[in-house]
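Asker: Attaching a single structure in structure tokens format; questions to follow.
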Amino acid sequence: MKAQRQITIKQYKPSEGFISRYQKLIKDVVIPYQYDVLCDKAEGAEKSHVVQNFINAAAALHGEDHAAIQKYLSSREQKPGDAITDSGFYGMVFQDSDAAKWIEAVGYTLAVFPDKKLEETADSLIDIIAAAQDEDGYLNTYFTIKDRDKRWTNLLEGHELYCSGHFMEAAVAYYNATGKDKLLKVMLKNAEHIYRHFVTEKYEGYPGHPEVELALLKLYRATGEKHCLELAEHFINVRGVPVEGADGNFYKKEAEQRDWTVWGNNADDRYYQQSFAPVREQSDAVGHSVRAVYLYTAMADLAAETDDAELLNACKRLWESIADRRMYITGGIGSTGIGEAFTVDYDLPNDTAYAETCASCGLMFFASRMLENYPDGKYADVMERAFYNTVLAGMQLDGKRFFYVNPLEVIPGISGIAATHWHDKSQRPEWFACACCPPNVARTVAAFGTYAYGEGDGTAYCHLYAAGEVDFSFGLKLLCETDFPHGFTVRYTVSEGGGVLAVRIPDWSERTEISVNGEKISPEIKSGYAYIGVEAGDVIELILDDRARFVYSNTKAAENTGCAAVQRGALVYCFEGADNGGDVLSLSLDDGAEITAGETVPELGGVETLKVKGYRTVSEDGLYSFKKPERIPEALMAVPYYTWGNRGENQMRVWLPC
């Protein structure tokens, strides 16, 4: 069983600090803006049609006069005729999932910031979603509107299970926050429909895009419904197991039995699909990076739930593959835009990096589930790295624009223009036709407290540093005060109860001081956590290493040979043209010099910059020259990577020559 588990969303109440500011941004800006996008009301954003798809599906099943449709139209100040002017489906095959992630973010937000109007808006949308559910429990607007006879015949591309998974997660989050179970009942009915099809009636198959597996485990814990656990286990167990026909490849066999496709996916690419072998035999993180970490999250969760040592060992191998050989310094994963995928060990190009925002969210999910098997600081270290760098970089500081791709080098005129760099944009778009990332950021930030804290056997685990009050189920109440990641003092006050406080000592903090009630202590450090016995009234203070330092890459990562990056605490820094004369390509570092604090930048939320001694190389005008370029000493300025791209189009680099 689980060594420790995440706290629930209601056990954490944020207080003033970095995380609280971001969570308020999600509530006040991101959630309203994204809802307008879902309803095609956001000026300048790409058409979404998400809510309209649900209205059209409900109308196809029940008629245009269905009460939920009329109620929704009234709430949006629309006339009934406005809703069904376009009765078709628009968007990606997985468009439904954008609504699910929005509801999930709303659930997490309502748990900490109650808001009657927001809750009423979500309730109205849930009514529409419920009305779009077929009588047998099936729920998917793409197939309900376009062709009900094609249900479950294209698992490779259809994303039906992926969409169901996101709605299961949304249902659990909304139920935990509000106690309302309408969506929960909808998704239990949907889960039973899926169970009947794949388990009872024994139809072959498993998700083309893993997601439902991890969601079913959440649904199981929320409801105790055993079929949810059995179904999650079924999908994990049959993945990659050879089937009869088509060389044992399920997806190839499936493709041979139909005469249609969504987007022409290659059914033979088993590595892209993580189906090249049964999951317990897999060792390398391969294929589509988001699909991979969603699958690995479910595997780790199931391993903890069922004490499956073989499955856990596979998770450990896959974790090492990512963290030790296939992850960027920013916590980004997936190094190629071809298939949004992992490639091979140490292939980590900076200027063509994919590093999808969703993938780093998924890496956090995987890390949190590995922590439930064994509380080892290395998992929380990566979770922290992914969040404070790539996940936050995926959203503009004002909450209104978003990156899908997170490169570590951007050159205007090449990035987003050259065929090899088309995916690496220099500015965040307002929205995407494939809009999975914006709501993923929203739900991850909104749920941060559940990643920051865990509990088990009378022990309160502090995985990440988040200011706020935490009410652990065994009676210990804790107040955390910090402005991490920009502040390096973390103060915990035990207001009630007692037990053991397990505080993570991050891998980047070489010099860490711990005190209890003003007296320095040297507690037991086990797998990256300091274990401290505490009782009511105790004040535990953690002073972390605030030095900015140079970071060097393994020489096997060819792009970074002879280069260094700058990191302070959890934050990776980058160099933008806006601070360095418009040109970072000519810059190099003096890595023997001290890194000092620079000025604050109001346009970037008042973040403190770093000053680094370096050089600017002045070359001849021609493309090549026999004359050695001159190197001129220059003070270089670096800003946190998560803030880049907020001051207009300019050059950016994380790694510089030294």
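All residue names refer to the structure tokens as shown: chains lettered A, B, ... in order, residues numbered from 1 in each chain, ligands numbered from 1 in order.
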Determine, counting only C-alpha atoms, which protein, DNA and RNA residues have an atom within 7 Å of an atom of region 357-371 of chain A; residues of the same chain fewer than 6 positions away are not included. Present the result as a ChimeraX atom specification.

Answerer: /A:289-290,293-294,296-297,300-301,331-333,379-380,383,386,390-391,394,404-406,437,440,444,451

Asker: Write out as a ChimeraX atom specification which residues come within 12 Å of Asp583 (chain A) when counting only C-alpha atoms, dropping same-chain ones fewer than 2 positions away.

Answerer: /A:410-412,575-581,585-588,616-618,636-637,649-653

Asker: What's around Glu225 (chain A) at 12 Å? Count only C-alpha atoms, leave out sequence neighbours fewer than 2 positions away in its own chain, and write the answer as an MDAnalysis selection string.

Answerer: chainID A and resid 184:185 187:189 191:192 195 216:223 227:232

Asker: If you run DSSP over the backbone, which residues in region 235-399 of chain A end up alpha helix (DSSP H)? Put them as a VMD selection string.

Answerer: chain A and resid 235 to 238 250 to 256 289 to 306 309 to 325 357 to 373 377 to 385 392 to 393

Asker: For the atom pair CA of Lys202 (chain A) and CA of Ala246 (chain A), what is the interatomic distance in Å to one decimal place?

Answerer: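 Separation between CA of Lys202 (chain A) and CA of Ala246 (chain A): 18.7 Å.
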
Asker: Could you list, with a cut-off of 12 Å and counting only C-alpha atoms, the residues of region 10-103 of chain A near region 135-148 of chain A, each shown with its nearest atom pair and the distance in Å rounded to one decimal, rows sorted by chain and ascending number, as CSV?

Answerer:
residue,atom,partner,partner_atom,distance
A:His49,CA,A:Thr141,CA,11.1
A:Val50,CA,A:Thr141,CA,9.2
A:Val51,CA,A:Thr141,CA,10.0
A:Gln52,CA,A:Thr141,CA,9.8
A:Asn53,CA,A:Thr141,CA,6.1
A:Phe54,CA,A:Thr141,CA,6.1
A:Ile55,CA,A:Thr141,CA,9.0
A:Asn56,CA,A:Ile145,CA,7.1
A:Ala57,CA,A:Thr141,CA,5.5
A:Ala58,CA,A:Thr141,CA,8.6
A:Ala59,CA,A:Ile145,CA,9.4
A:Ala60,CA,A:Ile145,CA,6.8
A:Leu61,CA,A:Thr144,CA,8.1
A:His62,CA,A:Glu135,CA,10.3
A:Asp86,CA,A:Ile145,CA,11.5
A:Ser87,CA,A:Ile145,CA,8.1
A:Gly88,CA,A:Ile145,CA,6.4
A:Phe89,CA,A:Tyr142,CA,6.2
A:Tyr90,CA,A:Tyr142,CA,8.3
A:Gly91,CA,A:Tyr142,CA,8.9
A:Met92,CA,A:Tyr142,CA,8.6
A:Val93,CA,A:Tyr142,CA,6.1
A:Phe94,CA,A:Tyr142,CA,7.9
A:Gln95,CA,A:Tyr142,CA,8.2
A:Asp96,CA,A:Thr141,CA,7.0
A:Ser97,CA,A:Asn140,CA,9.6
A:Ala99,CA,A:Thr141,CA,11.7
A:Ala100,CA,A:Asn140,CA,11.7
